[in-house]
$ cat coords34.cif   # mmCIF, C-alpha atoms
data_start
loop_
_atom_site.label_atom_id
_atom_site.label_comp_id
_atom_site.auth_asym_id
_atom_site.auth_seq_id
_atom_site.Cartn_x
_atom_site.Cartn_y
_atom_site.Cartn_z
CA ALA A 1 70.74 106.92 92.00
CA GLN A 2 74.24 107.59 93.21
CA LYS A 3 76.84 108.98 90.85
CA VAL A 4 80.44 110.14 91.16
CA THR A 5 82.22 112.37 88.66
CA GLN A 6 85.96 112.83 88.44
CA ALA A 7 86.41 115.15 85.51
CA GLN A 8 90.18 115.21 85.21
CA THR A 9 91.50 112.05 83.59
CA GLU A 10 95.27 112.48 83.72
CA ILE A 11 97.22 115.02 85.72
CA SER A 12 100.99 115.44 85.48
CA VAL A 13 102.93 117.37 88.08
CA VAL A 14 106.56 117.91 88.85
CA GLU A 15 107.78 116.46 92.10
CA LYS A 16 107.13 118.68 95.12
CA GLU A 17 104.21 120.43 93.47
CA ASP A 18 100.75 120.16 95.00
CA VAL A 19 97.97 118.42 93.13
CA THR A 20 94.23 118.61 93.76
CA LEU A 21 91.79 115.99 92.50
CA ASP A 22 88.17 116.99 92.13
CA CYS A 23 85.26 114.73 93.01
CA VAL A 24 81.63 115.70 92.56
CA TYR A 25 78.88 113.37 93.67
CA GLU A 26 75.13 112.99 93.33
CA THR A 27 72.80 111.26 95.74
CA ARG A 28 69.26 111.67 96.99
CA ASP A 29 70.11 110.33 100.44
CA THR A 30 70.83 112.65 103.31
CA THR A 31 73.09 110.06 104.89
CA TYR A 32 75.91 108.82 102.73
CA TYR A 33 79.61 108.01 102.81
CA LEU A 34 82.46 109.18 100.64
CA PHE A 35 85.72 107.39 100.01
CA TRP A 36 89.02 107.86 98.27
CA TYR A 37 91.13 104.94 97.08
CA LYS A 38 94.60 104.85 95.55
CA GLN A 39 95.47 102.31 92.85
CA PRO A 40 99.23 102.03 92.33
CA PRO A 41 100.63 100.15 89.31
CA SER A 42 100.51 96.91 91.30
CA GLY A 43 96.73 96.94 90.90
CA GLU A 44 95.09 96.77 94.30
CA LEU A 45 92.91 99.65 95.43
CA VAL A 46 94.22 101.00 98.72
CA PHE A 47 91.76 102.67 101.09
CA LEU A 48 92.67 106.27 101.96
CA ILE A 49 89.68 107.81 103.70
CA ARG A 50 86.00 107.37 104.57
CA ARG A 51 83.85 110.37 105.43
CA ASN A 52 80.18 110.43 106.40
CA SER A 53 77.84 113.13 105.20
CA PHE A 54 77.41 114.69 108.64
CA ASP A 55 81.07 115.34 109.16
CA GLU A 56 82.12 118.32 107.09
CA GLN A 57 85.40 118.93 108.83
CA ASN A 58 88.34 118.89 106.52
CA GLU A 59 90.90 116.23 107.23
CA ILE A 60 94.66 116.10 106.96
CA SER A 61 96.77 112.97 107.05
CA GLY A 62 100.42 113.66 106.40
CA ARG A 63 100.71 115.09 102.90
CA TYR A 64 97.09 114.19 102.10
CA SER A 65 94.14 116.45 102.80
CA TRP A 66 90.48 116.34 101.96
CA ASN A 67 88.00 119.19 101.50
CA PHE A 68 84.35 118.18 101.90
CA GLN A 69 81.83 120.79 100.72
CA LYS A 70 78.22 119.62 100.98
CA SER A 71 76.97 122.86 99.42
CA THR A 72 78.70 121.98 96.15
CA SER A 73 78.54 118.17 96.56
CA SER A 74 82.28 117.92 96.33
CA PHE A 75 84.92 115.92 98.15
CA ASN A 76 88.26 117.06 96.79
CA PHE A 77 91.62 115.51 97.57
CA THR A 78 94.95 117.34 97.69
CA ILE A 79 98.42 115.85 97.75
CA THR A 80 100.93 118.36 99.07
CA ALA A 81 104.57 118.29 97.98
CA SER A 82 103.98 115.36 95.63
CA GLN A 83 106.46 112.51 95.38
CA VAL A 84 107.10 109.95 92.67
CA VAL A 85 105.47 107.28 94.88
CA ASP A 86 102.23 109.23 94.61
CA SER A 87 101.97 108.25 90.94
CA ALA A 88 98.80 106.18 90.78
CA VAL A 89 95.15 106.27 89.83
CA TYR A 90 92.94 107.79 92.51
CA PHE A 91 89.27 106.89 92.79
CA CYS A 92 86.50 108.72 94.58
CA ALA A 93 83.51 106.61 95.63
CA LEU A 94 80.13 106.99 97.29
CA SER A 95 77.83 104.66 99.17
CA GLU A 96 74.41 105.41 100.56
CA HIS A 97 73.28 104.62 104.07
CA GLY A 98 72.36 101.00 104.68
CA ASN A 99 73.88 99.92 101.40
CA ASN A 100 77.57 99.11 101.09
CA ARG A 101 77.54 99.31 97.28
CA LEU A 102 80.26 101.67 96.22
CA ALA A 103 79.72 103.83 93.14
CA PHE A 104 83.12 104.78 91.77
CA GLY A 105 84.22 107.66 89.63
CA LYS A 106 86.37 107.02 86.56
CA GLY A 107 89.55 107.82 88.46
CA ASN A 108 92.33 110.37 88.14
CA GLN A 109 95.67 109.19 86.78
CA VAL A 110 98.34 111.17 88.62
CA VAL A 111 101.84 111.18 87.17
CA VAL A 112 104.56 112.75 89.30
CA ILE A 113 107.62 113.64 87.28
CA PRO A 114 110.93 113.57 89.12
CA GLU B 1 99.36 92.31 101.89
CA THR B 2 95.85 93.69 102.15
CA GLY B 3 94.18 90.58 103.55
CA VAL B 4 92.55 89.78 100.21
CA THR B 5 94.57 87.51 97.95
CA GLN B 6 93.83 86.92 94.30
CA THR B 7 95.34 84.27 92.05
CA PRO B 8 96.60 84.16 89.43
CA ARG B 9 97.98 87.68 89.01
CA HIS B 10 98.08 87.32 85.25
CA LEU B 11 96.15 85.02 82.93
CA VAL B 12 96.16 84.64 79.18
CA MET B 13 93.47 82.42 77.77
CA GLY B 14 92.02 81.51 74.42
CA MET B 15 88.38 82.04 73.64
CA THR B 16 87.62 78.34 73.92
CA ASN B 17 89.40 77.80 77.25
CA LYS B 18 87.91 77.38 80.68
CA LYS B 19 89.70 78.95 83.60
CA SER B 20 88.96 80.15 87.11
CA LEU B 21 89.98 83.17 89.14
CA LYS B 22 90.36 82.72 92.86
CA CYS B 23 89.93 85.16 95.71
CA GLU B 24 90.58 84.52 99.38
CA GLN B 25 90.11 86.84 102.33
CA HIS B 26 91.40 86.41 105.85
CA LEU B 27 89.58 89.34 107.41
CA GLY B 28 86.48 87.61 108.74
CA HIS B 29 84.32 89.59 106.34
CA ASN B 30 80.85 88.41 105.34
CA ALA B 31 80.56 90.05 101.94
CA MET B 32 82.63 89.57 98.81
CA TYR B 33 82.54 91.26 95.44
CA TRP B 34 83.82 90.88 91.87
CA TYR B 35 84.63 94.05 89.92
CA LYS B 36 85.77 94.43 86.33
CA GLN B 37 88.15 97.27 85.47
CA SER B 38 88.55 98.00 81.77
CA ALA B 39 90.70 100.75 80.33
CA LYS B 40 89.05 104.18 80.34
CA LYS B 41 85.91 102.88 82.08
CA PRO B 42 84.65 103.13 85.64
CA LEU B 43 84.89 100.10 87.86
CA GLU B 44 81.99 97.80 87.07
CA LEU B 45 80.41 95.79 89.85
CA MET B 46 79.75 92.28 88.59
CA PHE B 47 78.63 90.17 91.53
CA VAL B 48 77.95 90.56 95.22
CA TYR B 49 77.91 87.74 97.76
CA SER B 50 76.66 88.03 101.31
CA LEU B 51 77.16 85.09 103.65
CA GLU B 52 77.87 82.87 100.66
CA GLU B 53 74.65 83.80 98.88
CA ARG B 54 74.65 85.76 95.67
CA VAL B 55 72.69 88.95 96.24
CA GLU B 56 73.50 90.85 93.10
CA ASN B 57 74.24 90.01 89.49
CA ASN B 58 74.60 93.12 87.40
CA SER B 59 73.61 91.85 83.96
CA VAL B 60 76.81 89.92 83.60
CA PRO B 61 76.99 87.49 80.65
CA SER B 62 76.66 83.83 81.54
CA ARG B 63 80.20 83.14 80.37
CA PHE B 64 81.16 84.51 83.80
CA SER B 65 80.05 82.19 86.59
CA PRO B 66 80.77 83.04 90.23
CA GLU B 67 81.01 80.61 93.09
CA CYS B 68 81.27 81.26 96.81
CA PRO B 69 81.79 77.97 98.68
CA ASN B 70 82.34 79.74 102.02
CA SER B 71 82.68 83.26 103.31
CA SER B 72 86.45 83.27 102.84
CA HIS B 73 86.60 82.13 99.22
CA LEU B 74 85.20 83.47 95.98
CA PHE B 75 85.75 82.14 92.49
CA LEU B 76 85.00 83.45 89.04
CA HIS B 77 84.74 80.69 86.48
CA LEU B 78 85.38 81.74 82.91
CA HIS B 79 84.43 80.00 79.69
CA THR B 80 84.19 80.96 76.02
CA LEU B 81 85.27 84.51 76.72
CA GLN B 82 85.58 87.28 74.14
CA PRO B 83 88.54 89.60 73.56
CA GLU B 84 86.52 92.49 75.04
CA ASP B 85 86.50 90.61 78.33
CA SER B 86 90.20 91.38 78.69
CA ALA B 87 90.46 93.51 81.82
CA LEU B 88 91.66 93.66 85.40
CA TYR B 89 89.32 91.63 87.62
CA LEU B 90 89.29 92.82 91.18
CA CYS B 91 87.96 91.00 94.19
CA ALA B 92 86.94 92.88 97.31
CA SER B 93 85.50 92.09 100.70
CA SER B 94 83.70 94.05 103.37
CA GLN B 95 82.28 93.50 106.83
CA ASP B 96 78.81 93.11 105.34
CA ILE B 97 76.67 94.58 102.59
CA TRP B 98 74.79 97.06 104.79
CA ILE B 99 77.35 99.00 106.76
CA SER B 100 79.16 101.53 104.61
CA SER B 101 82.59 100.56 105.76
CA GLY B 102 84.13 100.47 102.31
CA TYR B 103 85.98 97.56 100.82
CA THR B 104 89.32 95.84 101.08
CA PHE B 105 90.56 94.98 97.61
CA GLY B 106 92.87 92.32 96.28
CA SER B 107 95.60 93.07 93.75
CA GLY B 108 93.51 91.80 90.87
CA THR B 109 93.94 89.32 88.05
CA ARG B 110 95.02 90.83 84.73
CA LEU B 111 93.12 88.78 82.15
CA THR B 112 93.95 88.76 78.46
CA VAL B 113 91.69 86.89 76.08
CA VAL B 114 93.29 86.01 72.77
#
$ encode --input "coords34.cif" --output "structure tokens"
Amino acid sequence: AQKVTQAQTEISVVEKEDVTLDCVYETRDTTYYLFWYKQPPSGELVFLIRRNSFDEQNEISGRYSWNFQKSTSSFNFTITASQVVDSAVYFCALSEHGNNRLAFGKGNQVVVIP
Amino acid sequence: ETGVTQTPRHLVMGMTNKKSLKCEQHLGHNAMYWYKQSAKKPLELMFVYSLEERVENNSVPSRFSPECPNSSHLFLHLHTLQPEDSALYLCASSQDIWISSGYTFGSGTRLTVV
């Protein structure tokens, strides 16, 4: 069974600080996909990234970066130089190959203080 | 606009009322989903539709009744709800239920049962 753990519930940072969100996953499949979504106060979950299990390269997109470590089953997300607009709940999710059912973690509430 | 539209955005209903939530997607997707998001809980998958057929019903009480008249529209009919059913109800769509492409979410309906 697939499972995603996001241990930190709420994280507060001062604007311009970096913040890292941890995501640890469990799956028996060798082929799987990892996702991060952002949920701003407006409610919709906004897709940020999709990564398959065979691609362990870290990725950077603007102020966002992701660190995929298969050895520790982690897919951590870092926001560099945080801004108030980054305040949101961030969800990590996992789906197994051939099955587009997403298992979500509980989410990390990020509060960026101006 | 994400391509998935949910109405209404907010709904307050009494326990004896009957109401419906509507979801519409303009992405040409073949799969649609209902999720429930309660405070402090992970996202709960309620129903999955593939090509207008229900393929998953995750032990959801019968007071929630989904309907998918075509691949672009999904409804959630509500009747005799309980206060614990108050939550954010999110609709999502995806290309299909097999390819792990992730979902596109709507903004949700914030439901309050009084």
$ resolve_selection --input "coords34.cif" --expression "the PyMOL selection byres ((chain A) within 8 of (chain B))" --output "VMD selection string"
chain A and resid 33 35 42 to 47 50 95 to 102 104 to 107
$ write_last_selection --input "coords34.cif" --atoms "C-alpha atoms" --output "tab-separated table (two decimals), in the coordinates of the input"
chain	number	residue	atom	x	y	z
A	33	TYR	CA	79.61	108.01	102.81
A	35	PHE	CA	85.72	107.39	100.01
A	42	SER	CA	100.51	96.91	91.30
A	43	GLY	CA	96.73	96.94	90.90
A	44	GLU	CA	95.09	96.77	94.30
A	45	LEU	CA	92.91	99.65	95.43
A	46	VAL	CA	94.22	101.00	98.72
A	47	PHE	CA	91.76	102.67	101.09
A	50	ARG	CA	86.00	107.37	104.57
A	95	SER	CA	77.83	104.66	99.17
A	96	GLU	CA	74.41	105.41	100.56
A	97	HIS	CA	73.28	104.62	104.07
A	98	GLY	CA	72.36	101.00	104.68
A	99	ASN	CA	73.88	99.92	101.40
A	100	ASN	CA	77.57	99.11	101.09
A	101	ARG	CA	77.54	99.31	97.28
A	102	LEU	CA	80.26	101.67	96.22
A	104	PHE	CA	83.12	104.78	91.77
A	105	GLY	CA	84.22	107.66	89.63
A	106	LYS	CA	86.37	107.02	86.56
A	107	GLY	CA	89.55	107.82	88.46
$ axis_aligned_box --input "coords34.cif" --around "stretch 100-112 of chain B" --padding-each-side "4 Å" --output "lines of an AutoDock Vina configuration file"
center_x = 87.4
center_y = 95.1
center_z = 92.1
size_x = 24.4
size_y = 20.8
size_z = 35.3
$ residues_around --input "coords34.cif" --residues "A:Trp66" --least-positions-apart "4" --cutoff "8 Å" --atoms "all atoms listed in the file" --output "mmCIF file with C-alpha atoms, in the frame of the given file"
data_model
loop_
_atom_site.group_PDB
_atom_site.id
_atom_site.type_symbol
_atom_site.label_atom_id
_atom_site.label_comp_id
_atom_site.auth_asym_id
_atom_site.auth_seq_id
_atom_site.Cartn_x
_atom_site.Cartn_y
_atom_site.Cartn_z
ATOM 1 C CA ASN A 58 88.340 118.890 106.520
ATOM 2 C CA GLU A 59 90.900 116.230 107.230
ATOM 3 C CA ILE A 60 94.660 116.100 106.960
ATOM 4 C CA PHE A 75 84.920 115.920 98.150
ATOM 5 C CA ASN A 76 88.260 117.060 96.790
ATOM 6 C CA PHE A 77 91.620 115.510 97.570
ATOM 7 C CA THR A 78 94.950 117.340 97.690
#
$ residues_around --input "coords34.cif" --residues "stretch 8-14 of chain A" --least-positions-apart "5" --cutoff "12 Å" --atoms "all atoms listed in the file" --output "number ranges by chain"
A: 19-24, 76, 79-84, 86-92, 105-114; B: 39-42
$ resolve_selection --input "coords34.cif" --expression "the PyMOL selection byres ((chain B and resi 75) around 9)" --output "NGL selection string"
:B and (20-24 or 34 or 65-69 or 73-74 or 76-77)
$ atom_distance --input "coords34.cif" --atom1 "atom CA of A:Val4" --atom2 "atom CA of A:Glu26"
6.4 Å
$ atom_distance --input "coords34.cif" --atom1 "atom CA of A:Asn52" --atom2 "atom CA of A:Leu94"
9.7 Å
$ resolve_selection --input "coords34.cif" --expression "the PyMOL selection byres ((chain A and resi 56) around 9)" --output "list of chain:residue names"
A:Arg51, A:Asn52, A:Ser53, A:Phe54, A:Asp55, A:Gln57, A:Asn58, A:Asn67, A:Phe68, A:Gln69, A:Lys70
$ atom_distance --input "coords34.cif" --atom1 "atom CA of B:Leu27" --atom2 "atom CA of B:Phe47"
19.3 Å
$ residues_near_point --input "coords34.cif" --point "(85.9, 81.4, 80.5)" --cutoff "10 Å" --atoms "all atoms listed in the file" --output "JSON, numbers by chain"
{"B": [13, 14, 15, 16, 17, 18, 19, 20, 21, 62, 63, 64, 65, 76, 77, 78, 79, 80, 81, 82, 85, 113]}
$ closest_residue --input "coords34.cif" --among "B:Ser50, B:Thr7, B:Ser86, B:Ser59" --to "B:Lys36" --atoms "only C-alpha atoms"
B:Ser86
